[in-house]
Every structure is written in structure tokens, then in C-alpha cells.
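Please read the structure below before turning to the comments.
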Amino acid sequence: MGEVVVQPWLLRLSLWIMLATFVALAATIALARVTRRRRERAVARRVGPLRADVLALVSGEDDGDSGTRLGALKGASVDLVAPVLIGYLSKIRGAPAERIVDVLVAHGLVRRARAGVTSWSGTRRARSVWTLGVMHVEEAVADVVPRLQDRDRAVAVTTARSLGMLGDAAAAEALLAAVAPGRRGRGELPVWVVVEALVGLGSPAADTIGRALVDDDASTRAVAAMSIGRAQHLSQRSRLRDLVTHEEDPTVLAALAEALGGLGDPADTVTLTELTAHAHPRSVRLAAVRALGDLADSRAITALGVLLADTDPRVGELSADVLVGLGPAGLSEVQSHVAGDGDAAAAADYGLAMHSLRQSAGRTG
Amino acid sequence: MDDVLESATPAVEAIFSGIALPVLVYFLVINSSYLVLVVAAALEFRRSTRQLPFAGREELLGSGMVPSVSVVTAMFNEEAGIKVATQAMLALHYPRHEVIVVDDGSTDGGFEVLREAFDLVEVPRRMPADLPVREPASSIHVPRNGRTRLTVIRKPNSGRSDSLNVGVNFATQDLVVFVDSDSVLDPDALLAIVRPFAEDPVRVVAGGGVIRAINGCVVRGGRVNEVRMSRNWLARIQVVEYLRAFHLGRAGWSRLKSLILISGAFGIFRRDVLVEVGGLDPSSIGEDFELVLRVHKHMRRERRDYRVQFVSEPICWTEVPETATVLRKQRRRWHRGLWETLWAYRSMFLNPRYGKVGMIAIPYYWLFELLAPLLELFGLVLVVLGTVLGVVDVGYFMLFMAVAYGYAILVTLAAMTVEELSFHKYPRWRDLLSTLAAAVVENIGYRQATAVWRLEGWAQSLTGRKQEWGTMTRTGFDTSQEQGP
């Protein structure tokens, strides 16, 4: 027999180590399953009897007793019911929401949440900033803002959502700064989360958001454009127009087009028509077509009519679709292009066919 | 005979002493690399499960910030399941999506089934020429109500990739999701796979979702109602294989920012990027792999900041082969596609211009995916030969094999642990036990057989043989997948 590659004792040792690891992993799997099921059963057992009170409170049908009973809970029951109430709090408004806040305040949730913002546990920090947001604890904004740069991304994302609910415009700058990549993996917060939060800050944040339109980071510029359009910050219209002339990123350009459409000034027809030029990427051209539809004035209808003849069938078809959605004026513009056999006629045919199908379905259904 | 064996002994002994150690090291490294990917995936899952309660997924659904999506699927003779599949795609929990079904010249009644189910009418629509196609659309159909966001395109047969390119040409939304028409998506799958694009619309250009085996599950109305393990051992082993390689492996690569393979059964791309790179290559066998490599190459050459992301949460359920014949054809095709794509993109191999993709992911695929069956079988033959010739002691041989395959089982068990701690999709204890058993049985015959089949695929390519496409016999998911308890 020749030389062995690995000494048998080493193989035997490896085998024993592997066997021990097998057993440990199999035990982990079994234990995880058993623990999870026991926990689920325990939660159901404790929360079940309180469900009627919780539902009465959130539905606004509480005659006072449910709130009192929930406010009088002690120990582990509070820890189980509080997350349920906080969950509902993000979905309801008005008097039921105020009653829930009263119950949570009675259990010291505000105090605990403000202390938890700097906890070593990422999960607790995230829960704390979320609680302060849904409970609208406005005086806690200064505690919450620094968490946008938290080392734990889940905490930073939750902080952005919480700040949107707190609605303090002072947070706008920090929110915008959290979009671009930061150091050590920080920043890069989800664009949609930041946009929703910025919209929640209202008009006092408009100028700060407008200034971000010239940020070096494309995502930040996109966030600013999207927020301006959605929040209807009319004061930032001129900044949007300025940026259109020299922006190169197609995502930002499409967001700018959408924002101009959202602001709805017919004077932007020229700017948006320029964005439909062939030199621009298709995504930008399509966004500009939709934005022209949002403007919906006679100049926009004329511009869309011209686009029916676009050599890109998608641009022509979308223009036709947008026009027929604008009512009699748009429909008449499309119908005026039916006679003929060029691109405009083809797009008009398609737009009218779809319009006719929808009309018939509307009549019969 | 004895003389022959005796004369061969010194040669085998020489080969054994020269090559055995590198083969052993390779075996250790390949399994260790899987283990690293499992650990990376575990970190990724931990991150995403911790974020989930605070991620605001429901808010995203109603925020108006969700990107619009075109779900594109190609069908060829899918009469049995296309109606339910299309209904399920239209019913996905998502506010802004259209469904485009491309009938790739079916010879069965698939189109008639759709026409009847959705009351389709033909519309005069021109096809944009964004992507070059071999066979253009012959007719375009939409539901008579004009509102259901479904487009059915008929065209002569030209293959799946060409049909999907036709679908992309007709897609009107910003993102395109490719779904196999015989796959089943979880209701929230679209919302979850789109989330990276809503979070980072400037940088994210492509993404992939989890693929799991549907065999054995209870499926009703195009939805997986109950997750169960198949009674077929080949399917059971593939469940384990999909979990280790496709689920955790790809999540690991995504964590390392080097994902180069997105399954064609469930992948998402920015439409403009798809058009820029020219869409799917109809002549490629590994078209999904080829497309992602082309995206990487294009974005790197353009020096653009971009991301290709794997989403561990959404699930696409697909039927895996239950017979050796079909499995053999599938594995031959996969490996042939792997080889042809890696060879076509050899300029990216160890090329720093392509960053981690060129320096880590592609060399890994050459070493540990392409060469794996060759080296595994070579090592196996060598050890068996060494034992027969007395170069290796039988006891030592058994010990060696136990350690080698034991390590592979350990990696699978680690993957199963991560699965149990994060997603725990198989709730029944008996399914858990059969998964554990499959992790062991996989190493006895299955692993060796698939290695042989993969080499066959490679050899077919090198010898220029024509590719044969495997045929999966589909029965439709409406009720046929139901099994008793």
C-alpha cells in the first residue's frame, strides 16, 4: 500500500467533529421548530382574551371600559398587547387613535421609547423610533433624527418612516442626506421611504427639498424631484425647470417630467415637449408624454397629437391612450389622425380601439 | 488479468500520489466555499427578516411609489395550465402590473383556452422594434373589456428567448419580470421582488427571486395552498439541492455583490437596460446566465454604478423533474449552457475591469461549477481504482469517502438550519425528516449521476452536437398537484 494522502487519525477526528456538528445542527433545527410553535401558542393564549377590547378600541366602539381594561394591564401582557396597538396606530386616525395613544402613554411607552432610541439593541432602537413616530411625539424629533445614520440599516429606514409621521420640516435636510451612500455602509435609504417621509413634512420643507435638486448624487436629485411633484411644492417649479436643461440621468429626468406634470402648470408644455424629443431615452419620453396628459390643456393636447406620428410605436400609442383619456378634446385630436396610413393613423387606430372596448364594457357592465 | 493489474499498479500509485492531494484540497475548498455562501446567505436573511417588520411593505403597496411592472411569459403547448397561470398572474398582489402572454406557435388549444377565458379580441397594435426578433407577432389580443391588463401575442414558433423578446417589445412598463408559464408565484412575490427597485431606482438594474420545487405541494387556483414534500425521491433531493445552491447560494452571491445568475423562471430587469443590452440571446442555451453576464459587462464597460440583487423573500414555485430521463436532459442542458456562456465571456475571467464579478464570481463558476463534475468523478475513479489495486486500503477508502461526503452533507444541513431559522417553509415534521434523509441520500448515486450527465452536456457542446430540449410533461396545477396527507 502506498502513502496515504491524509493520516487516518486525522480523517477519524474530522469524522467525529462532523458527526458532532450534524447532531448540533439537527438539534438546532428541532429546537427552533419547537420553540417557535410554543411561542406562537403562548402569544395566542395571552392575547386571545384581550382581542375583543383591542378591536373595540381600534374600531371606535369603546364605551370606555375596553380602554380602561387595556390601560390596567400589567407585566408580560403589556409587552404582548402594546405592539398590537402600535401596529393599528399606523393605520387609523381620529378619536380611536387618540384613545390608543392614551393607553400607550398610561403604560409609559413614550418614556420607554425615548430611552430606547439609544439602546444597544438594534431591534429596540427601531421599535422605539417607530413608536415615537406613530404616537406623534413631536418633541422627540431631535432624539430621532440622529438615528437616520444608525449603523443598523433597519433602524435608519424606520427612522425615516417615523420622521414622515412626526412631520417636522427640520428633519428634511437629514432625510435628504441619508439617500446618498455614506461611510461604512450608512446612507442609501430606500428612495420610496424618503420620498414618503419628505411629503409628510409638508410645505415648510419645500425649500430644503428644492435645494437638493442640484445635489451631486443622482438618487438624491431623484428623491427631491419625486417629493416636489407628490407634495405639490409649487414654489419649486422654477428649480425643476432649471434642472431639466442640464440633467443627464434618465431616472432623474423621468422624475422631473413626472413632477412638472404633477404641478400642472400649462406653461411647462414646452419643457415637457422638449423631453419627448428622440434624443432622450425612451423612459424619459414616456414620462414626458404622461406628464403632458397631466397638464391636460389645449397646448398639451396639440403636443400629444404631434406625438401620435412618432416613429416609436410605444410613444405614439401612449400619446393616443393619454389623449382619449382626456375627454372630448383629446378624443377629437385622435380622431383627426385616423384618416391616413402613417404612424399617426396606426397609433390613433389603436387608441380608439382600446377606447371603444372600454366604452362598450362600461355600457354593458 | 492479475498481470495487467500488477503492471498498472505503479502507474496508478504515481497518479494517486501526485493528484490525490490536489483533488482532496479541491473537494474541501468547494464545500467550504458553499459553506461560506451559506453563512453569507444567513447574514443576508438575518438582515432582511430583522428589517421586515419595519420595512413598510404594506405602505409601499399604497404609496404610489411602486414602479410599474410588465410580467412577461412565453407559452408553448401549455393548454392544461395556462388559464389558471394567467389568472394567478393577473391576481398578484400588486397595484401596477400588466401581464403579457406570448404564444410561441402552440399547436394545442392553449390560445383558444385563453380566448374563451378572457374574451380576447384582436387589436391593431404595432410592435416596437426595441429588440431584434426572429419571428414577429402575427396578432395581438386583449380582453374585450379593455381594462384587464392582459395582452396575448400570437407568433410562429421561434423558441422561449425570442418569444420573451417579443414580449419585452410589447411591454409598456418600466420593469419587466420574466416568469415561466408553468411556474406559480406567491401572491406577494411581485411586490417583494420589485422592492429593491423602489428603494434604489437609479442603481438597481436586475434582480432574481427564490425558486422552490412545487412537487408535492397542494396547489389550488394557481396558488400554493400548502407546502409539502414530494413522495418522489428525485424531487425530494432536488428540494435540498435548490435550497442549497439556488436559494442560499444566490443569496450569498448577492450579499457579496457578485450575483451573476438569475433564474429564467423568475427574474426582473429594468426594461431600458434590457433594451440597451439587446434582450435575451435566442441562440444561447444558458440564456438567463448569458443575459446577466451581458448586463454586468455592459454596465461595467459604461462605468455605471449599478446593482444586481437577489431577493430571498418572494417565491416562485416550479415543477422539478421526477424521472431520471428528464433530469438527465435538464442537467446536460444546464451544464452545456454554463460552459458555452463562460467560454463566450472568457474575457471577463480574472479581469479587474469587471470588479468582483470578473475577479471572484466568474473564476468561481469556472473552478467550482464547470470543473466540479470532472474533478469529482476523476477523484472518485482514482480512489476506487486505488482501492482495487491495493494502493489504498479498503478501510481507509471507506473513511475517506465518509469524510468527503460527510462534509457535503454538513453543508446541506447548515443550509437547512438557515432555512428553518429564517423561512421554515415546510411545517410538517415528516417533511423535515424526509428533507434530512434526502440530504444524505443525495450523495449515494444522485450526485455521481448528475456529475456524469453534466459532463455529457459539456461533451455535447465540445463535439458540436445539436442541443436536445427536455420535455417536462405538465398536467396543470389546478388540482392535479393535490396529494393526500
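Identifiers for the C-alpha cells are assigned positionally: chains receive A, B, ... in sequence, residues are indexed from 1 per chain, and ligands are indexed from 1 in the order shown.
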| said: DSSP on the backbone, alpha helix (DSSP H) only: what residues of stretch 160-403 of chain B does that give? Format it as an MDAnalysis selection string. | reply: chainID B and resid 160:170 189:199 233:241 249:255 271:277 287:301 324:344 355:356 362:364 372:388 394:403
| Residues of chain B within 8 Å of chain A, only C-alpha atoms counted, as a PyMOL selection string | chain B and resi 13+17+20-21+47+50-51+54-55+60+63+65-66+123-128+144-147+172+174+198-202+272+390-393+396+399-400+402-403+406-407+410+413-414+416-417+420-421
| said: Would you pick out the contacts of stretch 115-121 of chain A at 12 Å or less, using only C-alpha atoms, so that residues sharing its chain but fewer than 2 positions from it are not included, and give the list as a PyMOL selection string? | reply: (chain A and resi 108-113+123-133+140-148+150-152+154-156+158-159) or (chain B and resi 50)
| Exercise: B:Glu135 partners within 9 Å, only C-alpha atoms, chain neighbours under 3 positions left out, as a list in words | Ser138, Lys155, Pro156, Asn157, Ser158, Asp162, Ser163 and Val166 of chain B
What would the file look like if the residues just selected were written as a PDB file, in the first residue's frame with N, CA, C and O atoms?
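Output saved as selection.pdb:
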ATOM      1  N   SER B 138     -47.833  37.856 -34.935  1.00  0.00           N
ATOM      2  CA  SER B 138     -48.778  37.778 -36.055  1.00  0.00           C
ATOM      3  C   SER B 138     -50.121  38.403 -35.671  1.00  0.00           C
ATOM      4  O   SER B 138     -50.828  38.891 -36.540  1.00  0.00           O
ATOM      5  N   LYS B 155     -47.573  34.292 -32.323  1.00  0.00           N
ATOM      6  CA  LYS B 155     -46.459  34.365 -33.271  1.00  0.00           C
ATOM      7  C   LYS B 155     -46.027  32.958 -33.655  1.00  0.00           C
ATOM      8  O   LYS B 155     -46.305  32.000 -32.916  1.00  0.00           O
ATOM      9  N   PRO B 156     -45.333  32.818 -34.800  1.00  0.00           N
ATOM     10  CA  PRO B 156     -44.831  31.497 -35.153  1.00  0.00           C
ATOM     11  C   PRO B 156     -43.757  31.040 -34.156  1.00  0.00           C
ATOM     12  O   PRO B 156     -43.109  31.877 -33.526  1.00  0.00           O
ATOM     13  N   ASN B 157     -43.584  29.747 -34.046  1.00  0.00           N
ATOM     14  CA  ASN B 157     -42.634  29.197 -33.081  1.00  0.00           C
ATOM     15  C   ASN B 157     -41.197  29.624 -33.380  1.00  0.00           C
ATOM     16  O   ASN B 157     -40.730  29.519 -34.505  1.00  0.00           O
ATOM     17  N   SER B 158     -40.524  30.149 -32.354  1.00  0.00           N
ATOM     18  CA  SER B 158     -39.106  30.519 -32.532  1.00  0.00           C
ATOM     19  C   SER B 158     -38.339  30.381 -31.230  1.00  0.00           C
ATOM     20  O   SER B 158     -37.227  30.876 -31.100  1.00  0.00           O
ATOM     21  N   ASP B 162     -36.681  34.111 -27.876  1.00  0.00           N
ATOM     22  CA  ASP B 162     -37.189  35.019 -28.905  1.00  0.00           C
ATOM     23  C   ASP B 162     -38.605  35.489 -28.542  1.00  0.00           C
ATOM     24  O   ASP B 162     -38.945  36.661 -28.744  1.00  0.00           O
ATOM     25  N   SER B 163     -39.400  34.571 -28.001  1.00  0.00           N
ATOM     26  CA  SER B 163     -40.770  34.939 -27.609  1.00  0.00           C
ATOM     27  C   SER B 163     -40.752  35.964 -26.482  1.00  0.00           C
ATOM     28  O   SER B 163     -41.546  36.917 -26.484  1.00  0.00           O
ATOM     29  N   VAL B 166     -40.045  39.292 -27.867  1.00  0.00           N
ATOM     30  CA  VAL B 166     -41.263  39.876 -28.450  1.00  0.00           C
ATOM     31  C   VAL B 166     -42.106  40.484 -27.330  1.00  0.00           C
ATOM     32  O   VAL B 166     -42.618  41.606 -27.446  1.00  0.00           O
TER      33      VAL B 166
END
| field | Surrounding residues of B:Asp431 excluding itself and chain neighbours under 6 positions, 10 Å, only C-alpha atoms, as a PyMOL selection string | value | chain B and resi 227-231+236+437
| request: For B:Ser70, please output as a ChimeraX atom specification all residues within 6 Å (counting only C-alpha atoms; exclusion window: fewer than 6 positions along the same chain). | output: /B:97-99,171,173,176
Mind dumping the selected residues with N, CA and C atoms as a JSON list (two decimals), in the first residue's frame?
[["chain", "number", "residue", "atom", "x", "y", "z"],
["B", 97, "HIS", "N", -49.47, 46.41, -12.52],
["B", 97, "HIS", "CA", -48.78, 45.45, -13.39],
["B", 97, "HIS", "C", -49.68, 45.01, -14.53],
["B", 98, "GLU", "N", -49.04, 44.71, -15.65],
["B", 98, "GLU", "CA", -49.73, 44.13, -16.80],
["B", 98, "GLU", "C", -49.14, 42.75, -17.04],
["B", 99, "VAL", "N", -49.90, 41.89, -17.68],
["B", 99, "VAL", "CA", -49.43, 40.54, -17.99],
["B", 99, "VAL", "C", -49.39, 40.37, -19.51],
["B", 171, "ALA", "N", -43.95, 45.24, -23.96],
["B", 171, "ALA", "CA", -44.10, 45.65, -22.56],
["B", 171, "ALA", "C", -44.14, 47.17, -22.46],
["B", 173, "GLN", "N", -44.32, 48.84, -19.39],
["B", 173, "GLN", "CA", -43.97, 49.32, -18.06],
["B", 173, "GLN", "C", -42.45, 49.42, -17.87],
["B", 176, "VAL", "N", -39.51, 44.71, -16.23],
["B", 176, "VAL", "CA", -40.02, 43.50, -16.89],
["B", 176, "VAL", "C", -39.68, 42.30, -16.02]]
